[in-house]
file final_29.csv (CSV, C-alpha atoms)
chain,number,residue,atom,x,y,z
A,1,MET,CA,27.5,-47.2,-3.5
A,2,ALA,CA,23.8,-46.3,-4.1
A,3,THR,CA,20.5,-48.1,-3.6
A,4,HIS,CA,17.7,-48.7,-6.2
A,5,ILE,CA,14.2,-49.6,-5.1
A,6,VAL,CA,12.7,-52.0,-7.6
A,7,LYS,CA,9.5,-50.6,-9.2
A,8,PRO,CA,6.4,-52.5,-10.2
A,9,LYS,CA,6.9,-54.8,-13.2
A,10,GLN,CA,10.7,-54.2,-13.4
A,11,ASN,CA,13.0,-57.1,-14.2
A,12,LEU,CA,16.8,-57.2,-14.2
A,13,PHE,CA,17.1,-55.9,-17.7
A,14,ASP,CA,14.8,-52.9,-16.9
A,15,VAL,CA,16.8,-52.0,-13.9
A,16,ALA,CA,20.1,-52.2,-15.8
A,17,ILE,CA,18.7,-49.9,-18.5
A,18,GLU,CA,17.4,-47.4,-15.9
A,19,LEU,CA,20.6,-47.3,-13.8
A,20,TYR,CA,23.4,-47.8,-16.4
A,21,GLY,CA,21.8,-46.9,-19.7
A,22,SER,CA,22.8,-50.4,-21.0
A,23,ILE,CA,21.9,-54.0,-20.3
A,24,GLU,CA,25.7,-54.5,-19.8
A,25,GLY,CA,25.0,-53.0,-16.3
A,26,LEU,CA,23.8,-56.4,-15.4
A,27,PHE,CA,27.3,-57.4,-14.5
A,28,ASP,CA,27.6,-54.7,-11.8
A,29,LEU,CA,24.2,-55.7,-10.4
A,30,LEU,CA,25.1,-59.4,-10.2
A,31,ILE,CA,28.6,-58.7,-8.7
A,32,THR,CA,27.3,-56.1,-6.2
A,33,ASN,CA,24.2,-58.1,-5.1
A,34,THR,CA,25.6,-61.6,-4.5
A,35,TRP,CA,22.2,-63.1,-3.8
A,36,LEU,CA,21.0,-62.0,-7.3
A,37,THR,CA,20.9,-64.4,-10.3
A,38,MET,CA,19.7,-64.1,-13.8
A,39,THR,CA,16.5,-66.0,-12.9
A,40,THR,CA,15.6,-64.0,-9.7
A,41,ASP,CA,12.0,-62.8,-9.9
A,42,LEU,CA,12.2,-59.2,-8.8
A,43,GLN,CA,9.4,-57.8,-6.6
A,44,PRO,CA,8.4,-54.2,-6.1
A,45,GLY,CA,10.2,-52.7,-3.1
A,46,MET,CA,13.3,-54.9,-3.3
A,47,GLU,CA,16.6,-53.0,-2.7
A,48,LEU,CA,19.5,-53.4,-5.1
A,49,GLU,CA,22.9,-51.9,-4.6
A,50,TYR,CA,24.8,-50.5,-7.5
A,51,HIS,CA,27.8,-48.3,-8.3
A,52,GLU,CA,26.8,-44.9,-9.7
A,53,SER,CA,30.3,-44.6,-11.3
A,54,PHE,CA,29.6,-47.6,-13.5
A,55,VAL,CA,27.0,-45.8,-15.7
A,56,LEU,CA,27.7,-46.8,-19.3
A,57,ASN,CA,25.5,-44.4,-21.2
A,58,GLU,CA,24.9,-41.2,-19.3
A,59,SER,CA,22.7,-39.6,-22.1
A,60,ILE,CA,20.2,-42.5,-21.9
A,61,VAL,CA,20.0,-42.4,-18.1
A,62,SER,CA,19.6,-38.6,-18.1
A,63,SER,CA,17.0,-38.6,-20.9
A,64,MET,CA,14.9,-41.2,-19.1
A,65,SER,CA,15.1,-39.3,-15.9
A,66,GLU,CA,14.2,-35.9,-17.5
A,67,GLN,CA,11.3,-37.5,-19.4
A,68,GLU,CA,10.2,-39.6,-16.4
A,69,ILE,CA,10.5,-42.8,-18.4
A,70,VAL,CA,10.7,-45.9,-16.3
A,71,PRO,CA,11.6,-49.2,-18.0
A,72,SER,CA,9.1,-51.6,-16.5
A,73,ASN,CA,7.9,-54.5,-18.6
A,74,ASN,CA,8.8,-57.8,-17.1
A,75,GLU,CA,6.8,-59.7,-19.8
A,76,ARG,CA,8.8,-58.8,-22.9
A,77,HIS,CA,11.5,-56.3,-21.9
A,78,VAL,CA,10.6,-53.0,-23.5
A,79,TYR,CA,13.7,-50.8,-23.5
A,80,TYR,CA,14.3,-47.1,-23.9
A,81,LYS,CA,15.8,-46.0,-27.2
A,82,ASP,CA,17.6,-42.7,-27.6
A,83,PRO,CA,16.1,-40.8,-30.6
A,84,GLY,CA,18.6,-38.0,-30.4
A,85,GLN,CA,15.7,-35.4,-30.8
A,86,GLU,CA,13.3,-33.7,-28.5
A,87,LEU,CA,10.0,-35.3,-27.5
A,88,ILE,CA,7.1,-33.5,-29.2
A,89,MET,CA,4.0,-35.7,-28.8
A,90,VAL,CA,2.9,-38.7,-26.7
A,91,CYS,CA,0.0,-41.0,-27.5
A,92,GLY,CA,-1.5,-43.3,-24.9
A,93,VAL,CA,-2.6,-46.2,-27.1
A,94,ASN,CA,-5.3,-48.7,-26.2
A,95,GLU,CA,-3.2,-51.6,-25.0
A,96,SER,CA,-5.5,-54.2,-26.5
A,97,LEU,CA,-4.8,-53.1,-30.0
A,98,SER,CA,-2.4,-55.2,-32.1
A,99,VAL,CA,-2.2,-52.7,-35.0
A,100,ILE,CA,-2.5,-48.9,-35.3
A,101,SER,CA,-1.9,-46.4,-38.1
A,102,MET,CA,-1.8,-42.7,-38.9
A,103,VAL,CA,-1.6,-40.6,-42.0
A,104,ALA,CA,0.9,-37.8,-42.1
A,105,GLY,CA,2.4,-35.3,-44.6
A,106,GLY,CA,4.6,-32.3,-44.2
A,107,GLU,CA,8.3,-31.5,-43.9
A,108,GLY,CA,11.2,-32.7,-41.8
A,109,GLU,CA,12.0,-36.0,-40.1
A,110,LEU,CA,9.6,-37.7,-37.6
A,111,ILE,CA,11.0,-40.3,-35.3
A,112,ILE,CA,8.6,-42.7,-33.6
A,113,ASP,CA,9.1,-45.0,-30.6
A,114,TRP,CA,6.2,-47.4,-30.8
A,115,GLY,CA,6.7,-48.4,-27.1
A,116,ASP,CA,7.6,-52.1,-27.8
A,117,ASN,CA,10.6,-54.0,-28.8
A,118,SER,CA,10.8,-52.6,-32.3
A,119,GLU,CA,13.5,-50.3,-33.5
A,120,LEU,CA,12.9,-46.5,-33.8
A,121,VAL,CA,11.2,-45.6,-37.0
A,122,LYS,CA,12.5,-42.5,-38.9
A,123,ILE,CA,10.1,-41.1,-41.4
A,124,GLN,CA,11.0,-38.3,-43.8
A,125,LEU,CA,7.7,-36.4,-44.3
A,126,SER,CA,6.7,-35.1,-47.7
A,127,HIS,CA,3.7,-33.3,-49.1
A,128,ASN,CA,2.5,-36.7,-50.4
A,129,ASN,CA,0.6,-38.0,-47.3
A,130,GLN,CA,2.0,-41.3,-46.0
A,131,LEU,CA,0.1,-44.1,-44.3
A,132,ILE,CA,2.2,-45.2,-41.3
A,133,THR,CA,1.2,-48.6,-39.8
A,134,HIS,CA,2.7,-50.5,-36.9
A,135,TYR,CA,2.0,-54.1,-35.6
A,136,PHE,CA,2.9,-54.5,-31.9
A,137,ASP,CA,5.2,-57.4,-30.9
A,138,ASN,CA,4.3,-57.4,-27.2
A,139,THR,CA,1.6,-57.2,-24.6
A,140,VAL,CA,1.6,-54.5,-21.9
A,141,GLU,CA,-0.8,-53.0,-19.4
A,142,ILE,CA,0.0,-49.4,-20.4
A,143,ARG,CA,1.3,-48.5,-23.9
A,144,ARG,CA,2.9,-45.1,-24.8
A,145,VAL,CA,3.9,-44.2,-28.3
A,146,ARG,CA,6.3,-41.3,-28.4
A,147,PHE,CA,7.0,-38.9,-31.3
A,148,TYR,CA,10.3,-37.0,-31.6
A,149,GLY,CA,11.7,-34.4,-34.0
A,150,ASN,CA,13.3,-31.0,-34.4
A,151,THR,CA,10.5,-28.5,-34.1
A,152,ASP,CA,12.5,-26.0,-36.1
A,153,GLU,CA,12.3,-28.2,-39.1
A,154,LEU,CA,9.4,-30.5,-38.5
A,155,LYS,CA,6.0,-29.4,-39.9
A,156,PHE,CA,2.8,-31.4,-40.4
A,157,THR,CA,0.7,-30.2,-43.4
A,158,TYR,CA,-1.6,-33.1,-42.7
A,159,LEU,CA,-2.1,-35.3,-39.6
A,160,ASP,CA,-4.9,-37.9,-39.4
A,161,ILE,CA,-4.9,-39.9,-36.1
A,162,SER,CA,-8.3,-41.5,-36.6
A,163,GLU,CA,-6.8,-45.0,-36.4
A,164,LEU,CA,-4.0,-44.3,-33.9
A,165,GLY,CA,-6.0,-45.8,-31.1
A,166,GLY,CA,-5.3,-43.3,-28.4
A,167,ASN,CA,-5.2,-39.8,-27.1
A,168,LEU,CA,-2.6,-37.6,-28.7
A,169,LEU,CA,-0.9,-35.2,-26.3
A,170,PRO,CA,1.5,-32.6,-27.7
A,171,VAL,CA,4.2,-31.6,-25.2
A,172,LYS,CA,5.8,-28.9,-27.3
A,173,PRO,CA,4.5,-26.4,-29.9
A,174,VAL,CA,4.4,-28.1,-33.3
A,175,VAL,CA,3.1,-26.9,-36.6
A,176,VAL,CA,0.0,-28.8,-37.8
A,177,ASP,CA,-1.9,-27.3,-40.7
A,178,GLU,CA,-4.7,-29.9,-41.0
A,179,TYR,CA,-5.8,-32.1,-38.0
A,180,ILE,CA,-8.2,-35.0,-38.5
A,181,SER,CA,-9.6,-37.4,-35.9
A,182,HIS,CA,-12.7,-39.3,-36.8
A,183,SER,CA,-14.9,-41.5,-34.6
A,184,ASN,CA,-12.8,-41.1,-31.4
A,185,GLY,CA,-13.7,-40.2,-27.9
A,186,PHE,CA,-10.3,-38.8,-26.8
A,187,THR,CA,-9.8,-35.5,-25.2
A,188,LEU,CA,-8.6,-32.5,-27.3
A,189,GLU,CA,-6.5,-31.3,-24.4
A,190,GLY,CA,-3.1,-30.2,-25.5
A,191,LEU,CA,-4.1,-29.2,-29.0
A,192,PHE,CA,-3.6,-25.6,-28.0
A,193,LEU,CA,0.1,-26.3,-28.6
A,194,PHE,CA,-0.6,-26.8,-32.3
A,195,GLU,CA,0.6,-23.8,-34.4
A,196,GLY,CA,-0.7,-22.6,-37.7
A,197,THR,CA,-3.7,-24.9,-37.7
A,198,TYR,CA,-6.4,-23.9,-40.2
A,199,LYS,CA,-8.5,-27.0,-40.5
A,200,VAL,CA,-9.9,-29.3,-37.8
A,201,ASP,CA,-12.1,-32.3,-38.7
A,202,LEU,CA,-13.7,-34.2,-35.8
A,203,GLN,CA,-16.5,-36.0,-37.5
A,204,ARG,CA,-18.4,-38.6,-35.4
A,205,CYS,CA,-16.2,-37.9,-32.4
A,206,ILE,CA,-17.5,-37.7,-28.8
A,207,VAL,CA,-16.5,-34.2,-27.6
A,208,THR,CA,-16.5,-33.1,-24.0
A,209,ASP,CA,-14.7,-29.8,-24.4
A,210,LEU,CA,-13.7,-27.5,-27.3
A,211,SER,CA,-11.7,-25.0,-25.3
A,212,ALA,CA,-8.4,-26.3,-26.6
A,213,ILE,CA,-9.2,-25.1,-30.2
A,214,VAL,CA,-10.9,-21.8,-29.3
A,215,ASN,CA,-7.8,-19.7,-30.2
A,216,MET,CA,-7.0,-21.6,-33.4
A,217,ASP,CA,-7.3,-19.3,-36.4
A,218,LEU,CA,-9.4,-21.8,-38.4
A,219,GLN,CA,-10.7,-21.7,-41.9
A,220,GLU,CA,-12.7,-24.8,-41.5
A,221,LEU,CA,-14.2,-26.8,-38.6
A,222,ASN,CA,-16.1,-30.0,-39.2
A,223,LEU,CA,-18.3,-31.1,-36.4
A,224,LEU,CA,-20.7,-33.3,-38.4
A,225,SER,CA,-22.2,-36.1,-36.4
A,226,VAL,CA,-20.2,-35.1,-33.3
A,227,LYS,CA,-21.8,-36.3,-30.0
A,228,PHE,CA,-21.4,-33.5,-27.5
A,229,ALA,CA,-21.3,-34.4,-23.9
A,230,ASP,CA,-23.7,-31.5,-23.4
A,231,ILE,CA,-25.0,-28.8,-25.7
A,232,SER,CA,-23.1,-26.3,-23.5
A,233,VAL,CA,-19.8,-27.6,-25.0
A,234,LEU,CA,-20.9,-26.2,-28.4
A,235,ASP,CA,-22.4,-23.1,-26.8
A,236,ASN,CA,-19.3,-22.3,-24.8
A,237,TYR,CA,-17.1,-22.6,-27.9
A,238,LEU,CA,-19.3,-20.2,-29.9
A,239,GLN,CA,-19.4,-17.7,-27.0
A,240,ALA,CA,-15.7,-17.9,-26.6
A,241,ILE,CA,-15.2,-16.9,-30.2
A,242,VAL,CA,-17.3,-13.8,-29.6
A,243,SER,CA,-15.5,-12.9,-26.4
A,244,ASN,CA,-12.0,-13.5,-27.8
A,245,TYR,CA,-12.4,-12.7,-31.5
A,246,GLY,CA,-9.1,-10.9,-31.9
A,247,THR,CA,-7.9,-10.9,-35.5
A,248,ARG,CA,-9.0,-14.4,-36.5
A,249,ARG,CA,-10.1,-15.1,-40.0
A,250,ALA,CA,-13.6,-16.1,-41.1
A,251,CYS,CA,-14.3,-19.8,-40.7
A,252,THR,CA,-16.8,-22.3,-42.2
A,253,VAL,CA,-18.3,-24.5,-39.4
A,254,TYR,CA,-20.2,-27.7,-40.3
A,255,LEU,CA,-22.8,-28.9,-37.8
A,256,ASN,CA,-25.9,-31.1,-37.7
A,257,THR,CA,-26.4,-30.4,-34.0
A,258,GLU,CA,-28.2,-27.1,-33.3
A,259,PRO,CA,-26.9,-25.0,-30.5
A,260,SER,CA,-29.2,-23.7,-27.7
A,261,GLU,CA,-30.5,-20.1,-27.6
A,262,GLU,CA,-27.2,-18.8,-26.2
A,263,GLY,CA,-25.3,-20.6,-29.0
A,264,TRP,CA,-27.6,-19.1,-31.7
A,265,LYS,CA,-27.1,-15.7,-30.1
A,266,ALA,CA,-23.3,-16.1,-30.5
A,267,ILE,CA,-23.7,-17.2,-34.1
A,268,ASN,CA,-25.9,-14.2,-35.0
A,269,THR,CA,-23.3,-11.9,-33.4
A,270,ILE,CA,-20.5,-13.5,-35.4
A,271,ILE,CA,-22.3,-13.4,-38.8
A,272,GLY,CA,-23.7,-9.9,-38.0
A,273,GLU,CA,-20.4,-8.1,-37.5
A,274,LYS,CA,-19.4,-6.5,-40.8
A,275,GLU,CA,-15.7,-6.2,-39.9
A,276,TRP,CA,-15.6,-9.9,-38.9
A,277,ASN,CA,-16.9,-10.9,-42.3
A,278,TYR,CA,-14.6,-8.9,-44.6
A,279,PRO,CA,-13.2,-9.8,-47.0
A,280,LEU,CA,-14.4,-13.4,-46.4
A,281,GLN,CA,-17.6,-14.4,-44.6
A,282,TRP,CA,-18.2,-16.7,-41.7
A,283,LYS,CA,-20.5,-19.6,-42.7
A,284,PHE,CA,-22.3,-22.0,-40.3
A,285,VAL,CA,-23.7,-24.9,-42.3
A,286,ILE,CA,-26.2,-26.5,-39.9
A,287,ASN,CA,-28.3,-29.4,-41.2
A,288,ASP,CA,-27.4,-28.3,-44.7
A,289,ILE,CA,-28.7,-24.8,-44.1
A,290,ILE,CA,-26.1,-22.0,-44.6
A,291,TYR,CA,-26.1,-19.1,-42.1
A,292,THR,CA,-23.8,-16.3,-43.2
A,293,TYR,CA,-23.3,-12.5,-43.3
A,294,THR,CA,-25.7,-10.5,-45.4
A,295,GLU,CA,-25.6,-6.7,-46.1
call {"tool": "encode", "arguments": {"input": "final_29.csv", "output": "structure tokens"}}
result
Amino acid sequence: MATHIVKPKQNLFDVAIELYGSIEGLFDLLITNTWLTMTTDLQPGMELEYHESFVLNESIVSSMSEQEIVPSNNERHVYYKDPGQELIMVCGVNESLSVISMVAGGEGELIIDWGDNSELVKIQLSHNNQLITHYFDNTVEIRRVRFYGNTDELKFTYLDISELGGNLLPVKPVVVDEYISHSNGFTLEGLFLFEGTYKVDLQRCIVTDLSAIVNMDLQELNLLSVKFADISVLDNYLQAIVSNYGTRRACTVYLNTEPSEEGWKAINTIIGEKEWNYPLQWKFVINDIIYTYTE
């Protein structure tokens, strides 16, 4: 016999899913806890006894434990669904939104758990970019959308999260050729896990830190109309390129915010190094003026 401490916002169905991997675990809960009924209003801290040997779906119980997923929605019963693939990205979506969307293209199968009562969505990516839209069927205080797939087969040639409504956080390395996020204020933290990325478009975003993309081997970086938390955010990015140039390829950077003196110094170093500008040249397009390497 084991004891479960009820967590905030858990109902009987949530507890059954967490302990047994199936709502059928309710029978063991009701038999073991004779004071319990289907209408009991569970409160955080309540103790429920249960039989560990009565687990009905060990894989679900293990997966939720490993991924630290806690079923806890006493308003509309949001249950864990086993995707059969590894978790690759999580998005904390603004809970007030009723509809979100994204555009994706690539190869392999993407599995999405929208974090509500809907079934898992399986999408076969192709090189024809697809608009993926979802309407939520519940209301929650915290919403998490989870993306699953086989990273040996899954590859994004195009990923636009402008209308996804939240901060996208990769948890495993994943190939993303082109990444687009417009008019958002979400952190770029975690994007260092993207592999093969050659284009990043952050137009009209609010940006507090660019360090997550410093080591990307970009061909194009669009920072038009970006609102930097401080000009040092841009300066630090430019200086980091100089300090950690490595074997990266030349990139075209679009800006309508001028860097400080330190940032300009970094730009002049980048476009002044002959070996960094062969066979292709760096270009900084700042307020429609092109700054590039010249012999």
call {"tool": "atom_distance", "arguments": {"input": "final_29.csv", "atom1": "CA of Asp230 (chain A)", "atom2": "CA of Asn215 (chain A)"}}
result
20.9 Å
call {"tool": "closest_residue", "arguments": {"input": "final_29.csv", "among": "A:Met102, A:Ile112, A:Val174, A:Leu42", "to": "Lys7 (chain A)", "atoms": "only C-alpha atoms"}}
result
A:Leu42
call {"tool": "atom_distance", "arguments": {"input": "final_29.csv", "atom1": "CA of Glu86 (chain A)", "atom2": "CA of Leu56 (chain A)"}}
result
21.5 Å
call {"tool": "atom_distance", "arguments": {"input": "final_29.csv", "atom1": "CA of Asp41 (chain A)", "atom2": "CA of Leu12 (chain A)"}}
result
8.5 Å
call {"tool": "residues_near_point", "arguments": {"input": "final_29.csv", "point": "(7.5, -53.6, -35.5)", "cutoff": "10 Å", "atoms": "all atoms listed in the file", "output": "number ranges by chain"}}
result
A: 99, 114-121, 133-138
call {"tool": "closest_residue", "arguments": {"input": "final_29.csv", "among": "A:Ala250, A:Leu193, A:Ile88, A:Ile161", "to": "Arg146 (chain A)", "atoms": "only C-alpha atoms"}}
result
A:Ile88
call {"tool": "closest_residue", "arguments": {"input": "final_29.csv", "among": "A:Glu261, A:Glu49, A:Glu189, A:Glu141", "to": "Glu95 (chain A)", "atoms": "all atoms listed in the file"}}
result
A:Glu141
call {"tool": "closest_residue", "arguments": {"input": "final_29.csv", "among": "A:Ser260, A:Ser98, A:Thr139, A:Asn167", "to": "Leu191 (chain A)", "atoms": "all atoms listed in the file"}}
result
A:Asn167
call {"tool": "closest_residue", "arguments": {"input": "final_29.csv", "among": "A:Leu26, A:Ile271, A:Leu202, A:Leu234", "to": "Cys251 (chain A)", "atoms": "all atoms listed in the file"}}
result
A:Ile271
call {"tool": "axis_aligned_box", "arguments": {"input": "final_29.csv", "around": "region 168-175 of chain A", "padding_each_side": "3 Å", "output": "AutoDock Vina command-line options"}}
result
--center_x 1.6 --center_y -32.0 --center_z -30.9 --size_x 14.4 --size_y 17.2 --size_z 17.4
call {"tool": "residues_around", "arguments": {"input": "final_29.csv", "residues": "Val55 (chain A)", "least_positions_apart": "6", "cutoff": "7 Å", "atoms": "all atoms listed in the file", "output": "CSV table (one decimal) with C-alpha atoms, keeping the file's coordinate frame"}}
result
chain,number,residue,atom,x,y,z
A,19,LEU,CA,20.6,-47.3,-13.8
A,20,TYR,CA,23.4,-47.8,-16.4
A,21,GLY,CA,21.8,-46.9,-19.7
call {"tool": "closest_residue", "arguments": {"input": "final_29.csv", "among": "A:Ile17, A:Leu48, A:Ala2, A:Met38", "to": "Asp82 (chain A)", "atoms": "all atoms listed in the file"}}
result
A:Ile17
call {"tool": "residues_around", "arguments": {"input": "final_29.csv", "residues": "Ile270 (chain A)", "least_positions_apart": "2", "cutoff": "9 Å", "atoms": "all atoms listed in the file", "output": "PyMOL selection string"}}
result
chain A and resi 238+241-242+265-268+272-274+276-277+282+292-293
call {"tool": "write_last_selection", "arguments": {"input": "final_29.csv", "atoms": "C-alpha atoms", "output": "PDB file, in the coordinates of the input"}}
result
ATOM      1  CA  LEU A 238     -19.300 -20.200 -29.900  1.00  0.00           C
ATOM      2  CA  ILE A 241     -15.200 -16.900 -30.200  1.00  0.00           C
ATOM      3  CA  VAL A 242     -17.300 -13.800 -29.600  1.00  0.00           C
ATOM      4  CA  LYS A 265     -27.100 -15.700 -30.100  1.00  0.00           C
ATOM      5  CA  ALA A 266     -23.300 -16.100 -30.500  1.00  0.00           C
ATOM      6  CA  ILE A 267     -23.700 -17.200 -34.100  1.00  0.00           C
ATOM      7  CA  ASN A 268     -25.900 -14.200 -35.000  1.00  0.00           C
ATOM      8  CA  GLY A 272     -23.700  -9.900 -38.000  1.00  0.00           C
ATOM      9  CA  GLU A 273     -20.400  -8.100 -37.500  1.00  0.00           C
ATOM     10  CA  LYS A 274     -19.400  -6.500 -40.800  1.00  0.00           C
ATOM     11  CA  TRP A 276     -15.600  -9.900 -38.900  1.00  0.00           C
ATOM     12  CA  ASN A 277     -16.900 -10.900 -42.300  1.00  0.00           C
ATOM     13  CA  TRP A 282     -18.200 -16.700 -41.700  1.00  0.00           C
ATOM     14  CA  THR A 292     -23.800 -16.300 -43.200  1.00  0.00           C
ATOM     15  CA  TYR A 293     -23.300 -12.500 -43.300  1.00  0.00           C
TER      16      TYR A 293
END
call {"tool": "residues_near_point", "arguments": {"input": "final_29.csv", "point": "(25.4, -56.7, -7.4)", "cutoff": "12 Å", "atoms": "all atoms listed in the file", "output": "VMD selection string"}}
result
chain A and resid 1 to 4 12 15 to 16 25 to 38 47 to 51 54
call {"tool": "build_atoms", "arguments": {"input": "final_29.csv", "residues": "region 153-172 of chain A", "atoms": "N, CA and C atoms", "output": "PDB file, in the coordinates of the input"}}
result
ATOM      1  N   GLU A 153      12.398 -27.697 -37.747  1.00  0.00           N
ATOM      2  CA  GLU A 153      12.300 -28.200 -39.100  1.00  0.00           C
ATOM      3  C   GLU A 153      11.089 -29.042 -39.392  1.00  0.00           C
ATOM      4  N   LEU A 154      10.507 -29.625 -38.343  1.00  0.00           N
ATOM      5  CA  LEU A 154       9.400 -30.500 -38.500  1.00  0.00           C
ATOM      6  C   LEU A 154       8.065 -29.736 -38.638  1.00  0.00           C
ATOM      7  N   LYS A 155       7.300 -30.056 -39.672  1.00  0.00           N
ATOM      8  CA  LYS A 155       6.000 -29.400 -39.900  1.00  0.00           C
ATOM      9  C   LYS A 155       5.038 -30.408 -40.493  1.00  0.00           C
ATOM     10  N   PHE A 156       3.856 -30.526 -39.880  1.00  0.00           N
ATOM     11  CA  PHE A 156       2.800 -31.400 -40.400  1.00  0.00           C
ATOM     12  C   PHE A 156       1.865 -30.530 -41.276  1.00  0.00           C
ATOM     13  N   THR A 157       1.770 -30.836 -42.552  1.00  0.00           N
ATOM     14  CA  THR A 157       0.700 -30.200 -43.400  1.00  0.00           C
ATOM     15  C   THR A 157      -0.571 -30.966 -43.238  1.00  0.00           C
ATOM     16  N   TYR A 158      -0.457 -32.223 -42.805  1.00  0.00           N
ATOM     17  CA  TYR A 158      -1.600 -33.100 -42.700  1.00  0.00           C
ATOM     18  C   TYR A 158      -1.350 -34.124 -41.594  1.00  0.00           C
ATOM     19  N   LEU A 159      -2.285 -34.289 -40.648  1.00  0.00           N
ATOM     20  CA  LEU A 159      -2.100 -35.300 -39.600  1.00  0.00           C
ATOM     21  C   LEU A 159      -3.464 -35.892 -39.255  1.00  0.00           C
ATOM     22  N   ASP A 160      -3.614 -37.168 -39.608  1.00  0.00           N
ATOM     23  CA  ASP A 160      -4.900 -37.900 -39.400  1.00  0.00           C
ATOM     24  C   ASP A 160      -4.577 -39.013 -38.365  1.00  0.00           C
ATOM     25  N   ILE A 161      -5.149 -38.895 -37.155  1.00  0.00           N
ATOM     26  CA  ILE A 161      -4.900 -39.900 -36.100  1.00  0.00           C
ATOM     27  C   ILE A 161      -6.142 -40.740 -35.843  1.00  0.00           C
ATOM     28  N   SER A 162      -7.042 -40.796 -36.795  1.00  0.00           N
ATOM     29  CA  SER A 162      -8.300 -41.500 -36.600  1.00  0.00           C
ATOM     30  C   SER A 162      -8.079 -42.979 -36.175  1.00  0.00           C
ATOM     31  N   GLU A 163      -7.014 -43.615 -36.690  1.00  0.00           N
ATOM     32  CA  GLU A 163      -6.800 -45.000 -36.400  1.00  0.00           C
ATOM     33  C   GLU A 163      -5.535 -45.207 -35.491  1.00  0.00           C
ATOM     34  N   LEU A 164      -5.154 -44.155 -34.782  1.00  0.00           N
ATOM     35  CA  LEU A 164      -4.000 -44.300 -33.900  1.00  0.00           C
ATOM     36  C   LEU A 164      -4.290 -44.976 -32.615  1.00  0.00           C
ATOM     37  N   GLY A 165      -5.556 -45.015 -32.237  1.00  0.00           N
ATOM     38  CA  GLY A 165      -6.000 -45.800 -31.100  1.00  0.00           C
ATOM     39  C   GLY A 165      -5.699 -45.237 -29.743  1.00  0.00           C
ATOM     40  N   GLY A 166      -5.573 -43.917 -29.669  1.00  0.00           N
ATOM     41  CA  GLY A 166      -5.300 -43.300 -28.400  1.00  0.00           C
ATOM     42  C   GLY A 166      -5.345 -41.815 -28.394  1.00  0.00           C
ATOM     43  N   ASN A 167      -5.199 -41.240 -27.230  1.00  0.00           N
ATOM     44  CA  ASN A 167      -5.200 -39.800 -27.100  1.00  0.00           C
ATOM     45  C   ASN A 167      -3.870 -39.189 -27.368  1.00  0.00           C
ATOM     46  N   LEU A 168      -3.806 -38.293 -28.346  1.00  0.00           N
ATOM     47  CA  LEU A 168      -2.600 -37.600 -28.700  1.00  0.00           C
ATOM     48  C   LEU A 168      -2.369 -36.392 -27.877  1.00  0.00           C
ATOM     49  N   LEU A 169      -1.211 -36.323 -27.214  1.00  0.00           N
ATOM     50  CA  LEU A 169      -0.900 -35.200 -26.300  1.00  0.00           C
ATOM     51  C   LEU A 169       0.373 -34.516 -26.751  1.00  0.00           C
ATOM     52  N   PRO A 170       0.303 -33.352 -27.398  1.00  0.00           N
ATOM     53  CA  PRO A 170       1.500 -32.600 -27.700  1.00  0.00           C
ATOM     54  C   PRO A 170       2.172 -32.107 -26.422  1.00  0.00           C
ATOM     55  N   VAL A 171       3.495 -32.126 -26.371  1.00  0.00           N
ATOM     56  CA  VAL A 171       4.200 -31.600 -25.200  1.00  0.00           C
ATOM     57  C   VAL A 171       5.043 -30.403 -25.533  1.00  0.00           C
ATOM     58  N   LYS A 172       5.151 -30.085 -26.829  1.00  0.00           N
ATOM     59  CA  LYS A 172       5.800 -28.900 -27.300  1.00  0.00           C
ATOM     60  C   LYS A 172       5.063 -28.296 -28.455  1.00  0.00           C
TER      61      LYS A 172
END
